[in-house]
Amino acid sequence: MADVLDDAEVTRILAIVAHPDDVDFSAAGTIARWTDAGIAVTYCVVTDGDAGGSDEDFPREEMPALRRAEQAAAAKCVGVHDVRFLGYPDGRVEATLGLRLDLARVIRQVRPDRVLCSSPERNYVRAGISHPDHRAVGSATLDAVYPDARNPFAFPELRDREGLAAWTVREVWIVGSPSPTHFVDVTATFSRKVAALRAHESQTGGMDDLEERIRERLTRMAELAGLPDGHLAESFQVLNTG
Ligand SMILES: [Zn+2]
């Protein structure tokens with residue numbers, strides 16, 4: 001297991017992901033544990049997931065509002081009430097300076113001890129984890145954590161025009177990493193994770209075996225973590241960025 005901050009030392013956590021539902025598939029069980037412990041969790045979702053869903057008859061222009069509403073409902077299932085959207089176009093996210101600026105702004109506004117984000121690395125075992133938007137958001141988030149958010153001379157407009165002081169994030173938890181270093185037992189919060197996933201009706205409504213699929217995946221993680229039979233775990237690569 002990696003050396004990680006004790007949750008008792010953590011006041012605020014910011015999860016930065018590409019699409020509505022990313023944080024729920026990867027980490028909702030862990031997030032429920034964090035909010036139960038009194039930690040304030042904020043979501044920053046870079047796109048509105050407007051290229052999502054499979055119903056070709058659903059009016060595409062209504063998809064962003066629907067997916068924002070679904071994400072807000074999913075967040076409530078695990079105790080998160082602060083959900084922010086950046087409105088980038090789904091499927092076309094790149095790790096630009098503009099995205100780094102936007103993420104450094106959110107980091108300086110929220111001032112989190114811990115940031116959660118997707119992996120910039122390609123996972124060759126499970127292709128779906130490595131959606132190009134996930135990799136771009138992971139890369140831009142790590143750059144925003146170091147150096148942009150903590151360097152007062154990076155993006156000086158944040159300080160000079162918006163009054164946002166530099167902020168150092170102490171730790172980053174990466175989801176979907178090919179090399180997980182840390183596992184969280186989510187057996188007790190699994191039902192809330194499933195409820196959060198079901199809140200993304202436009203994405204998961206047709207998945208009759210959703211709970212079973214998620215249970216299988218988390219069982220494998222619990223086995224990797226050496227937890228007793230019947231337990232479920234989510235996995236992370238934890239970086240010390242203090
Ligand atoms: Zn995604």
# chains A, B, ... in the order shown; residues from 1 in each chain; ligands from 1
$ residues_near_ligand --ligand "ligand 1" --cutoff "6 Å" --atoms "only C-alpha atoms and all ligand atoms" --output "ChimeraX atom specification"
/A:18-19,22
$ select_by_dssp --residues "stretch 73-191 of chain A" --states "strand (DSSP E)" --output "list in words"
Asp82, Val83, Arg84, Phe85, Leu86, Gly87, Tyr88, Arg114, Val115, Leu116, Cys117, Ser118, Glu171, Val172, Trp173, Ile174, Val175, His182, Phe183, Val184 and Asp185 of chain A
$ residues_around --residues "stretch 31-48 of chain A" --least-positions-apart "2" --cutoff "9 Å" --atoms "only C-alpha atoms" --output "PDB file with N, CA, C and O atoms, in the first residue's frame"
ATOM      1  N   ASP A   7      -7.208  10.462   6.263  1.00  0.00           N
ATOM      2  CA  ASP A   7      -8.403  11.249   5.942  1.00  0.00           C
ATOM      3  C   ASP A   7      -8.701  12.298   7.020  1.00  0.00           C
ATOM      4  O   ASP A   7      -9.322  13.324   6.727  1.00  0.00           O
ATOM      5  N   ALA A   8      -8.257  12.043   8.237  1.00  0.00           N
ATOM      6  CA  ALA A   8      -8.495  13.012   9.321  1.00  0.00           C
ATOM      7  C   ALA A   8      -7.751  14.329   9.076  1.00  0.00           C
ATOM      8  O   ALA A   8      -8.107  15.363   9.636  1.00  0.00           O
ATOM      9  N   VAL A  10      -7.571  15.649   6.085  1.00  0.00           N
ATOM     10  CA  VAL A  10      -8.099  16.148   4.811  1.00  0.00           C
ATOM     11  C   VAL A  10      -9.428  16.868   5.055  1.00  0.00           C
ATOM     12  O   VAL A  10     -10.344  16.309   5.660  1.00  0.00           O
ATOM     13  N   THR A  11      -9.520  18.115   4.588  1.00  0.00           N
ATOM     14  CA  THR A  11     -10.738  18.898   4.775  1.00  0.00           C
ATOM     15  C   THR A  11     -11.557  18.969   3.489  1.00  0.00           C
ATOM     16  O   THR A  11     -12.769  18.854   3.503  1.00  0.00           O
ATOM     17  N   ARG A  12     -10.826  19.165   2.368  1.00  0.00           N
ATOM     18  CA  ARG A  12     -11.525  19.352   1.087  1.00  0.00           C
ATOM     19  C   ARG A  12     -10.880  18.477   0.006  1.00  0.00           C
ATOM     20  O   ARG A  12      -9.644  18.373  -0.057  1.00  0.00           O
ATOM     21  N   ILE A  13     -11.727  17.917  -0.852  1.00  0.00           N
ATOM     22  CA  ILE A  13     -11.262  17.093  -1.972  1.00  0.00           C
ATOM     23  C   ILE A  13     -11.948  17.590  -3.242  1.00  0.00           C
ATOM     24  O   ILE A  13     -13.146  17.904  -3.233  1.00  0.00           O
ATOM     25  N   LEU A  14     -11.173  17.673  -4.321  1.00  0.00           N
ATOM     26  CA  LEU A  14     -11.705  18.081  -5.625  1.00  0.00           C
ATOM     27  C   LEU A  14     -11.494  16.934  -6.615  1.00  0.00           C
ATOM     28  O   LEU A  14     -10.368  16.492  -6.827  1.00  0.00           O
ATOM     29  N   ALA A  15     -12.582  16.446  -7.202  1.00  0.00           N
ATOM     30  CA  ALA A  15     -12.505  15.395  -8.223  1.00  0.00           C
ATOM     31  C   ALA A  15     -12.687  16.045  -9.588  1.00  0.00           C
ATOM     32  O   ALA A  15     -13.697  16.717  -9.831  1.00  0.00           O
ATOM     33  N   ILE A  16     -11.685  15.871 -10.455  1.00  0.00           N
ATOM     34  CA  ILE A  16     -11.733  16.478 -11.793  1.00  0.00           C
ATOM     35  C   ILE A  16     -11.809  15.346 -12.822  1.00  0.00           C
ATOM     36  O   ILE A  16     -10.893  14.522 -12.917  1.00  0.00           O
ATOM     37  N   VAL A  17     -12.911  15.302 -13.577  1.00  0.00           N
ATOM     38  CA  VAL A  17     -13.100  14.225 -14.557  1.00  0.00           C
ATOM     39  C   VAL A  17     -13.630  14.801 -15.870  1.00  0.00           C
ATOM     40  O   VAL A  17     -14.086  15.943 -15.924  1.00  0.00           O
ATOM     41  N   ALA A  18     -13.578  13.983 -16.926  1.00  0.00           N
ATOM     42  CA  ALA A  18     -13.971  14.460 -18.255  1.00  0.00           C
ATOM     43  C   ALA A  18     -15.478  14.473 -18.443  1.00  0.00           C
ATOM     44  O   ALA A  18     -16.034  15.421 -19.012  1.00  0.00           O
ATOM     45  N   HIS A  19     -16.157  13.408 -18.005  1.00  0.00           N
ATOM     46  CA  HIS A  19     -17.573  13.214 -18.355  1.00  0.00           C
ATOM     47  C   HIS A  19     -18.442  13.002 -17.117  1.00  0.00           C
ATOM     48  O   HIS A  19     -17.969  12.418 -16.140  1.00  0.00           O
ATOM     49  N   PRO A  20     -19.730  13.400 -17.204  1.00  0.00           N
ATOM     50  CA  PRO A  20     -20.670  12.951 -16.186  1.00  0.00           C
ATOM     51  C   PRO A  20     -20.644  11.416 -16.181  1.00  0.00           C
ATOM     52  O   PRO A  20     -20.639  10.821 -17.273  1.00  0.00           O
ATOM     53  N   ASP A  22     -18.073   9.526 -14.984  1.00  0.00           N
ATOM     54  CA  ASP A  22     -16.699   9.018 -14.794  1.00  0.00           C
ATOM     55  C   ASP A  22     -16.390   8.806 -13.308  1.00  0.00           C
ATOM     56  O   ASP A  22     -15.839   7.778 -12.906  1.00  0.00           O
ATOM     57  N   VAL A  23     -16.729   9.813 -12.499  1.00  0.00           N
ATOM     58  CA  VAL A  23     -16.355   9.737 -11.084  1.00  0.00           C
ATOM     59  C   VAL A  23     -17.145   8.631 -10.391  1.00  0.00           C
ATOM     60  O   VAL A  23     -16.651   8.004  -9.452  1.00  0.00           O
ATOM     61  N   ASP A  24     -18.347   8.354 -10.893  1.00  0.00           N
ATOM     62  CA  ASP A  24     -19.183   7.339 -10.253  1.00  0.00           C
ATOM     63  C   ASP A  24     -18.711   5.932 -10.594  1.00  0.00           C
ATOM     64  O   ASP A  24     -18.643   5.067  -9.726  1.00  0.00           O
ATOM     65  N   ALA A  27     -15.028   5.861  -8.637  1.00  0.00           N
ATOM     66  CA  ALA A  27     -14.684   6.198  -7.249  1.00  0.00           C
ATOM     67  C   ALA A  27     -15.858   6.526  -6.329  1.00  0.00           C
ATOM     68  O   ALA A  27     -15.631   6.946  -5.193  1.00  0.00           O
ATOM     69  N   ALA A  28     -17.117   6.305  -6.764  1.00  0.00           N
ATOM     70  CA  ALA A  28     -18.243   6.768  -5.930  1.00  0.00           C
ATOM     71  C   ALA A  28     -18.258   6.111  -4.549  1.00  0.00           C
ATOM     72  O   ALA A  28     -18.666   6.732  -3.566  1.00  0.00           O
ATOM     73  N   GLY A  29     -17.829   4.845  -4.464  1.00  0.00           N
ATOM     74  CA  GLY A  29     -17.821   4.165  -3.163  1.00  0.00           C
ATOM     75  C   GLY A  29     -16.852   4.828  -2.195  1.00  0.00           C
ATOM     76  O   GLY A  29     -17.141   4.988  -0.998  1.00  0.00           O
ATOM     77  N   ASP A  50     -22.022  15.448 -23.857  1.00  0.00           N
ATOM     78  CA  ASP A  50     -23.027  15.633 -24.911  1.00  0.00           C
ATOM     79  C   ASP A  50     -22.890  14.637 -26.058  1.00  0.00           C
ATOM     80  O   ASP A  50     -23.765  14.566 -26.913  1.00  0.00           O
ATOM     81  N   ALA A  51     -21.799  13.846 -26.082  1.00  0.00           N
ATOM     82  CA  ALA A  51     -21.688  12.790 -27.097  1.00  0.00           C
ATOM     83  C   ALA A  51     -22.078  11.434 -26.520  1.00  0.00           C
ATOM     84  O   ALA A  51     -21.874  10.395 -27.136  1.00  0.00           O
ATOM     85  N   GLY A  52     -22.644  11.442 -25.302  1.00  0.00           N
ATOM     86  CA  GLY A  52     -22.988  10.178 -24.642  1.00  0.00           C
ATOM     87  C   GLY A  52     -24.377   9.694 -24.995  1.00  0.00           C
ATOM     88  O   GLY A  52     -25.111  10.344 -25.740  1.00  0.00           O
ATOM     89  N   MET A  63     -29.075  16.928 -24.594  1.00  0.00           N
ATOM     90  CA  MET A  63     -28.217  16.019 -23.834  1.00  0.00           C
ATOM     91  C   MET A  63     -27.398  16.724 -22.740  1.00  0.00           C
ATOM     92  O   MET A  63     -27.321  16.222 -21.614  1.00  0.00           O
ATOM     93  N   PRO A  64     -26.786  17.900 -23.006  1.00  0.00           N
ATOM     94  CA  PRO A  64     -25.986  18.518 -21.938  1.00  0.00           C
ATOM     95  C   PRO A  64     -26.786  18.769 -20.654  1.00  0.00           C
ATOM     96  O   PRO A  64     -26.326  18.427 -19.562  1.00  0.00           O
ATOM     97  N   ALA A  65     -27.988  19.319 -20.776  1.00  0.00           N
ATOM     98  CA  ALA A  65     -28.789  19.620 -19.577  1.00  0.00           C
ATOM     99  C   ALA A  65     -29.170  18.333 -18.850  1.00  0.00           C
ATOM    100  O   ALA A  65     -29.135  18.256 -17.616  1.00  0.00           O
ATOM    101  N   LEU A  66     -29.523  17.306 -19.645  1.00  0.00           N
ATOM    102  CA  LEU A  66     -29.902  16.024 -19.035  1.00  0.00           C
ATOM    103  C   LEU A  66     -28.723  15.441 -18.257  1.00  0.00           C
ATOM    104  O   LEU A  66     -28.866  15.002 -17.108  1.00  0.00           O
ATOM    105  N   ARG A  67     -27.542  15.463 -18.865  1.00  0.00           N
ATOM    106  CA  ARG A  67     -26.399  14.817 -18.214  1.00  0.00           C
ATOM    107  C   ARG A  67     -25.911  15.611 -17.012  1.00  0.00           C
ATOM    108  O   ARG A  67     -25.435  15.042 -16.033  1.00  0.00           O
ATOM    109  N   ARG A  68     -26.035  16.920 -17.054  1.00  0.00           N
ATOM    110  CA  ARG A  68     -25.710  17.721 -15.857  1.00  0.00           C
ATOM    111  C   ARG A  68     -26.657  17.353 -14.718  1.00  0.00           C
ATOM    112  O   ARG A  68     -26.233  17.189 -13.572  1.00  0.00           O
ATOM    113  N   ALA A  75     -24.398  12.699  -7.631  1.00  0.00           N
ATOM    114  CA  ALA A  75     -23.537  13.269  -6.587  1.00  0.00           C
ATOM    115  C   ALA A  75     -24.244  13.224  -5.233  1.00  0.00           C
ATOM    116  O   ALA A  75     -23.646  12.870  -4.210  1.00  0.00           O
ATOM    117  N   CYS A  77     -26.312  11.103  -4.151  1.00  0.00           N
ATOM    118  CA  CYS A  77     -26.332   9.732  -3.599  1.00  0.00           C
ATOM    119  C   CYS A  77     -25.123   9.461  -2.717  1.00  0.00           C
ATOM    120  O   CYS A  77     -25.156   8.586  -1.857  1.00  0.00           O
ATOM    121  N   VAL A  78     -24.027  10.177  -2.956  1.00  0.00           N
ATOM    122  CA  VAL A  78     -22.795   9.931  -2.178  1.00  0.00           C
ATOM    123  C   VAL A  78     -22.377  11.186  -1.397  1.00  0.00           C
ATOM    124  O   VAL A  78     -21.215  11.329  -1.024  1.00  0.00           O
ATOM    125  N   GLY A  79     -23.330  12.076  -1.158  1.00  0.00           N
ATOM    126  CA  GLY A  79     -23.074  13.198  -0.249  1.00  0.00           C
ATOM    127  C   GLY A  79     -22.322  14.373  -0.840  1.00  0.00           C
ATOM    128  O   GLY A  79     -21.721  15.161  -0.107  1.00  0.00           O
ATOM    129  N   VAL A  80     -22.367  14.513  -2.174  1.00  0.00           N
ATOM    130  CA  VAL A  80     -21.675  15.639  -2.826  1.00  0.00           C
ATOM    131  C   VAL A  80     -22.713  16.630  -3.358  1.00  0.00           C
ATOM    132  O   VAL A  80     -23.632  16.241  -4.090  1.00  0.00           O
ATOM    133  N   HIS A  81     -22.552  17.903  -2.973  1.00  0.00           N
ATOM    134  CA  HIS A  81     -23.555  18.910  -3.344  1.00  0.00           C
ATOM    135  C   HIS A  81     -22.963  20.056  -4.149  1.00  0.00           C
ATOM    136  O   HIS A  81     -23.674  20.985  -4.513  1.00  0.00           O
ATOM    137  N   ASP A  82     -21.661  20.009  -4.400  1.00  0.00           N
ATOM    138  CA  ASP A  82     -21.001  21.070  -5.175  1.00  0.00           C
ATOM    139  C   ASP A  82     -20.471  20.443  -6.462  1.00  0.00           C
ATOM    140  O   ASP A  82     -19.458  19.744  -6.456  1.00  0.00           O
ATOM    141  N   VAL A  83     -21.196  20.634  -7.561  1.00  0.00           N
ATOM    142  CA  VAL A  83     -20.828  20.039  -8.852  1.00  0.00           C
ATOM    143  C   VAL A  83     -20.690  21.159  -9.868  1.00  0.00           C
ATOM    144  O   VAL A  83     -21.624  21.933 -10.070  1.00  0.00           O
ATOM    145  N   ARG A  84     -19.507  21.265 -10.470  1.00  0.00           N
ATOM    146  CA  ARG A  84     -19.243  22.350 -11.420  1.00  0.00           C
ATOM    147  C   ARG A  84     -18.947  21.760 -12.799  1.00  0.00           C
ATOM    148  O   ARG A  84     -18.292  20.726 -12.892  1.00  0.00           O
ATOM    149  N   PHE A  85     -19.387  22.439 -13.833  1.00  0.00           N
ATOM    150  CA  PHE A  85     -19.164  21.967 -15.206  1.00  0.00           C
ATOM    151  C   PHE A  85     -18.399  23.033 -15.971  1.00  0.00           C
ATOM    152  O   PHE A  85     -18.681  24.229 -15.830  1.00  0.00           O
ATOM    153  N   LEU A  86     -17.441  22.593 -16.805  1.00  0.00           N
ATOM    154  CA  LEU A  86     -16.670  23.559 -17.589  1.00  0.00           C
ATOM    155  C   LEU A  86     -17.186  23.686 -19.024  1.00  0.00           C
ATOM    156  O   LEU A  86     -16.765  24.592 -19.743  1.00  0.00           O
ATOM    157  N   GLY A  87     -18.055  22.761 -19.479  1.00  0.00           N
ATOM    158  CA  GLY A  87     -18.712  22.919 -20.769  1.00  0.00           C
ATOM    159  C   GLY A  87     -17.842  22.699 -22.000  1.00  0.00           C
ATOM    160  O   GLY A  87     -18.178  23.163 -23.088  1.00  0.00           O
ATOM    161  N   TYR A  88     -16.734  21.967 -21.852  1.00  0.00           N
ATOM    162  CA  TYR A  88     -15.930  21.624 -23.030  1.00  0.00           C
ATOM    163  C   TYR A  88     -16.695  20.599 -23.881  1.00  0.00           C
ATOM    164  O   TYR A  88     -17.495  19.836 -23.355  1.00  0.00           O
ATOM    165  N   PRO A  89     -16.422  20.558 -25.212  1.00  0.00           N
ATOM    166  CA  PRO A  89     -17.153  19.605 -26.062  1.00  0.00           C
ATOM    167  C   PRO A  89     -16.684  18.159 -25.843  1.00  0.00           C
ATOM    168  O   PRO A  89     -15.490  17.874 -25.889  1.00  0.00           O
ATOM    169  N   ASP A  90     -17.653  17.291 -25.587  1.00  0.00           N
ATOM    170  CA  ASP A  90     -17.397  15.871 -25.323  1.00  0.00           C
ATOM    171  C   ASP A  90     -16.717  15.221 -26.532  1.00  0.00           C
ATOM    172  O   ASP A  90     -17.191  15.362 -27.658  1.00  0.00           O
ATOM    173  N   GLY A  91     -15.621  14.516 -26.283  1.00  0.00           N
ATOM    174  CA  GLY A  91     -14.918  13.789 -27.342  1.00  0.00           C
ATOM    175  C   GLY A  91     -13.827  14.595 -28.016  1.00  0.00           C
ATOM    176  O   GLY A  91     -13.108  14.067 -28.862  1.00  0.00           O
ATOM    177  N   VAL A  93     -11.644  16.894 -26.101  1.00  0.00           N
ATOM    178  CA  VAL A  93     -10.846  17.574 -25.078  1.00  0.00           C
ATOM    179  C   VAL A  93      -9.359  17.330 -25.334  1.00  0.00           C
ATOM    180  O   VAL A  93      -8.945  16.209 -25.607  1.00  0.00           O
ATOM    181  N   LEU A  99      -7.185  24.742 -20.927  1.00  0.00           N
ATOM    182  CA  LEU A  99      -7.764  23.817 -19.949  1.00  0.00           C
ATOM    183  C   LEU A  99      -6.971  23.866 -18.642  1.00  0.00           C
ATOM    184  O   LEU A  99      -7.545  23.863 -17.554  1.00  0.00           O
ATOM    185  N   LEU A 103      -8.504  24.677 -14.994  1.00  0.00           N
ATOM    186  CA  LEU A 103      -8.386  23.744 -13.855  1.00  0.00           C
ATOM    187  C   LEU A 103      -7.614  24.383 -12.699  1.00  0.00           C
ATOM    188  O   LEU A 103      -7.961  24.181 -11.529  1.00  0.00           O
ATOM    189  N   VAL A 106     -10.082  26.456 -10.792  1.00  0.00           N
ATOM    190  CA  VAL A 106     -10.964  25.693  -9.890  1.00  0.00           C
ATOM    191  C   VAL A 106     -10.179  25.218  -8.665  1.00  0.00           C
ATOM    192  O   VAL A 106     -10.674  25.265  -7.532  1.00  0.00           O
ATOM    193  N   VAL A 110     -11.291  26.134  -4.905  1.00  0.00           N
ATOM    194  CA  VAL A 110     -11.732  25.098  -3.951  1.00  0.00           C
ATOM    195  C   VAL A 110     -10.687  24.867  -2.858  1.00  0.00           C
ATOM    196  O   VAL A 110     -11.015  24.536  -1.730  1.00  0.00           O
ATOM    197  N   PRO A 112      -8.284  22.407  -2.447  1.00  0.00           N
ATOM    198  CA  PRO A 112      -8.383  21.040  -1.918  1.00  0.00           C
ATOM    199  C   PRO A 112      -7.048  20.528  -1.362  1.00  0.00           C
ATOM    200  O   PRO A 112      -5.981  20.877  -1.861  1.00  0.00           O
ATOM    201  N   ASP A 133     -10.485  11.789 -23.918  1.00  0.00           N
ATOM    202  CA  ASP A 133     -10.829  12.883 -22.990  1.00  0.00           C
ATOM    203  C   ASP A 133     -10.299  12.597 -21.581  1.00  0.00           C
ATOM    204  O   ASP A 133      -9.865  13.508 -20.869  1.00  0.00           O
ATOM    205  N   VAL A 137      -7.718  15.080 -19.748  1.00  0.00           N
ATOM    206  CA  VAL A 137      -8.066  15.720 -18.469  1.00  0.00           C
ATOM    207  C   VAL A 137      -7.063  15.314 -17.380  1.00  0.00           C
ATOM    208  O   VAL A 137      -6.655  16.137 -16.560  1.00  0.00           O
ATOM    209  N   VAL A 186     -14.786  -0.619  -0.216  1.00  0.00           N
ATOM    210  CA  VAL A 186     -16.066   0.079  -0.417  1.00  0.00           C
ATOM    211  C   VAL A 186     -17.261  -0.862  -0.235  1.00  0.00           C
ATOM    212  O   VAL A 186     -18.365  -0.580  -0.722  1.00  0.00           O
ATOM    213  N   ALA A 188     -19.104  -1.358   2.282  1.00  0.00           N
ATOM    214  CA  ALA A 188     -20.218  -0.732   3.014  1.00  0.00           C
ATOM    215  C   ALA A 188     -20.923   0.357   2.207  1.00  0.00           C
ATOM    216  O   ALA A 188     -22.061   0.715   2.513  1.00  0.00           O
ATOM    217  N   THR A 189     -20.270   0.894   1.197  1.00  0.00           N
ATOM    218  CA  THR A 189     -20.879   1.996   0.436  1.00  0.00           C
ATOM    219  C   THR A 189     -21.265   1.562  -0.987  1.00  0.00           C
ATOM    220  O   THR A 189     -21.694   2.395  -1.796  1.00  0.00           O
ATOM    221  N   ARG A 192     -24.637   2.599  -2.462  1.00  0.00           N
ATOM    222  CA  ARG A 192     -24.745   4.013  -2.846  1.00  0.00           C
ATOM    223  C   ARG A 192     -24.018   4.274  -4.159  1.00  0.00           C
ATOM    224  O   ARG A 192     -24.422   5.137  -4.944  1.00  0.00           O
ATOM    225  N   LYS A 193     -22.945   3.549  -4.398  1.00  0.00           N
ATOM    226  CA  LYS A 193     -22.266   3.669  -5.692  1.00  0.00           C
ATOM    227  C   LYS A 193     -23.202   3.212  -6.816  1.00  0.00           C
ATOM    228  O   LYS A 193     -23.322   3.882  -7.850  1.00  0.00           O
TER     229      LYS A 193
END
$ atom_distance --atom1 "atom CA of A:Ala165" --atom2 "atom CA of A:Leu5"
23.5 Å
$ select_by_dssp --residues "stretch 17-241 of chain A" --states "alpha helix (DSSP H)" --output "JSON, numbers by chain"
{"A": [22, 23, 24, 25, 26, 27, 28, 29, 30, 31, 32, 33, 34, 35, 36, 63, 64, 65, 66, 67, 68, 69, 70, 71, 72, 73, 74, 75, 76, 77, 97, 98, 99, 100, 101, 102, 103, 104, 105, 106, 107, 108, 109, 110, 132, 133, 134, 135, 136, 137, 138, 139, 140, 141, 142, 143, 156, 157, 158, 159, 160, 190, 191, 192, 193, 194, 195, 196, 197, 198, 201, 202, 203, 204, 210, 211, 212, 213, 214, 215, 216, 217, 218, 219, 220, 221, 222, 223, 224, 225]}
$ closest_residue --among "A:Gly163, A:Gly205, A:Gly226, A:Gly128" --to "A:Phe183" --atoms "only C-alpha atoms"
A:Gly226
$ residues_around --residues "A:Leu142" --least-positions-apart "4" --cutoff "12 Å" --atoms "only C-alpha atoms" --output "PyMOL selection string"
chain A and resi 16-17+95+99-100+103-104+107+114-121+135-138+146-150+168-169+171-174+239-241
$ closest_residue --among "A:Glu157, A:Ala166, A:Thr181, A:Leu97" --to "A:Thr141" --atoms "only C-alpha atoms"
A:Leu97
$ atom_distance --atom1 "atom CA of A:Glu234" --atom2 "atom CA of A:Ala144"
24.6 Å
$ decode --residues "stretch 13-71 of chain A" --atoms "C-alpha atoms" --output "PDB file, in the first residue's frame"
ATOM      1  CA  ILE A  13     -11.262  17.093  -1.972  1.00  0.00           C
ATOM      2  CA  LEU A  14     -11.705  18.081  -5.625  1.00  0.00           C
ATOM      3  CA  ALA A  15     -12.505  15.395  -8.223  1.00  0.00           C
ATOM      4  CA  ILE A  16     -11.733  16.478 -11.793  1.00  0.00           C
ATOM      5  CA  VAL A  17     -13.100  14.225 -14.557  1.00  0.00           C
ATOM      6  CA  ALA A  18     -13.971  14.460 -18.255  1.00  0.00           C
ATOM      7  CA  HIS A  19     -17.573  13.214 -18.355  1.00  0.00           C
ATOM      8  CA  PRO A  20     -20.670  12.951 -16.186  1.00  0.00           C
ATOM      9  CA  ASP A  21     -20.534   9.367 -14.738  1.00  0.00           C
ATOM     10  CA  ASP A  22     -16.699   9.018 -14.794  1.00  0.00           C
ATOM     11  CA  VAL A  23     -16.355   9.737 -11.084  1.00  0.00           C
ATOM     12  CA  ASP A  24     -19.183   7.339 -10.253  1.00  0.00           C
ATOM     13  CA  PHE A  25     -17.815   4.389 -12.221  1.00  0.00           C
ATOM     14  CA  SER A  26     -14.333   4.894 -10.783  1.00  0.00           C
ATOM     15  CA  ALA A  27     -14.684   6.198  -7.249  1.00  0.00           C
ATOM     16  CA  ALA A  28     -18.243   6.768  -5.930  1.00  0.00           C
ATOM     17  CA  GLY A  29     -17.821   4.165  -3.163  1.00  0.00           C
ATOM     18  CA  THR A  30     -14.689   5.905  -1.898  1.00  0.00           C
ATOM     19  CA  ILE A  31     -16.318   9.334  -2.186  1.00  0.00           C
ATOM     20  CA  ALA A  32     -19.251   8.163  -0.030  1.00  0.00           C
ATOM     21  CA  ARG A  33     -16.719   7.175   2.644  1.00  0.00           C
ATOM     22  CA  TRP A  34     -15.054  10.597   2.416  1.00  0.00           C
ATOM     23  CA  THR A  35     -18.308  12.557   2.769  1.00  0.00           C
ATOM     24  CA  ASP A  36     -19.402  10.244   5.632  1.00  0.00           C
ATOM     25  CA  ALA A  37     -16.159  11.282   7.356  1.00  0.00           C
ATOM     26  CA  GLY A  38     -17.157  14.953   7.026  1.00  0.00           C
ATOM     27  CA  ILE A  39     -14.848  15.812   4.124  1.00  0.00           C
ATOM     28  CA  ALA A  40     -16.244  18.381   1.641  1.00  0.00           C
ATOM     29  CA  VAL A  41     -16.043  16.956  -1.872  1.00  0.00           C
ATOM     30  CA  THR A  42     -16.436  19.043  -5.053  1.00  0.00           C
ATOM     31  CA  TYR A  43     -16.800  17.647  -8.570  1.00  0.00           C
ATOM     32  CA  CYS A  44     -15.437  19.481 -11.608  1.00  0.00           C
ATOM     33  CA  VAL A  45     -16.722  17.851 -14.806  1.00  0.00           C
ATOM     34  CA  VAL A  46     -14.919  19.153 -17.897  1.00  0.00           C
ATOM     35  CA  THR A  47     -17.554  18.259 -20.534  1.00  0.00           C
ATOM     36  CA  ASP A  48     -21.346  17.906 -20.436  1.00  0.00           C
ATOM     37  CA  GLY A  49     -21.154  14.389 -21.855  1.00  0.00           C
ATOM     38  CA  ASP A  50     -23.027  15.633 -24.911  1.00  0.00           C
ATOM     39  CA  ALA A  51     -21.688  12.790 -27.097  1.00  0.00           C
ATOM     40  CA  GLY A  52     -22.988  10.178 -24.642  1.00  0.00           C
ATOM     41  CA  GLY A  53     -26.048   7.941 -24.654  1.00  0.00           C
ATOM     42  CA  SER A  54     -27.143   5.454 -27.284  1.00  0.00           C
ATOM     43  CA  ASP A  55     -30.663   6.630 -28.176  1.00  0.00           C
ATOM     44  CA  GLU A  56     -30.248   8.166 -31.632  1.00  0.00           C
ATOM     45  CA  ASP A  57     -33.777   9.628 -31.487  1.00  0.00           C
ATOM     46  CA  PHE A  58     -33.078  11.691 -28.357  1.00  0.00           C
ATOM     47  CA  PRO A  59     -32.558  15.369 -29.338  1.00  0.00           C
ATOM     48  CA  ARG A  60     -28.815  15.960 -29.027  1.00  0.00           C
ATOM     49  CA  GLU A  61     -29.251  19.582 -27.982  1.00  0.00           C
ATOM     50  CA  GLU A  62     -31.020  18.385 -24.834  1.00  0.00           C
ATOM     51  CA  MET A  63     -28.217  16.019 -23.834  1.00  0.00           C
ATOM     52  CA  PRO A  64     -25.986  18.518 -21.938  1.00  0.00           C
ATOM     53  CA  ALA A  65     -28.789  19.620 -19.577  1.00  0.00           C
ATOM     54  CA  LEU A  66     -29.902  16.024 -19.035  1.00  0.00           C
ATOM     55  CA  ARG A  67     -26.399  14.817 -18.214  1.00  0.00           C
ATOM     56  CA  ARG A  68     -25.710  17.721 -15.857  1.00  0.00           C
ATOM     57  CA  ALA A  69     -28.935  16.896 -14.008  1.00  0.00           C
ATOM     58  CA  GLU A  70     -28.036  13.196 -13.862  1.00  0.00           C
ATOM     59  CA  GLN A  71     -24.586  14.016 -12.470  1.00  0.00           C
TER      60      GLN A  71
END
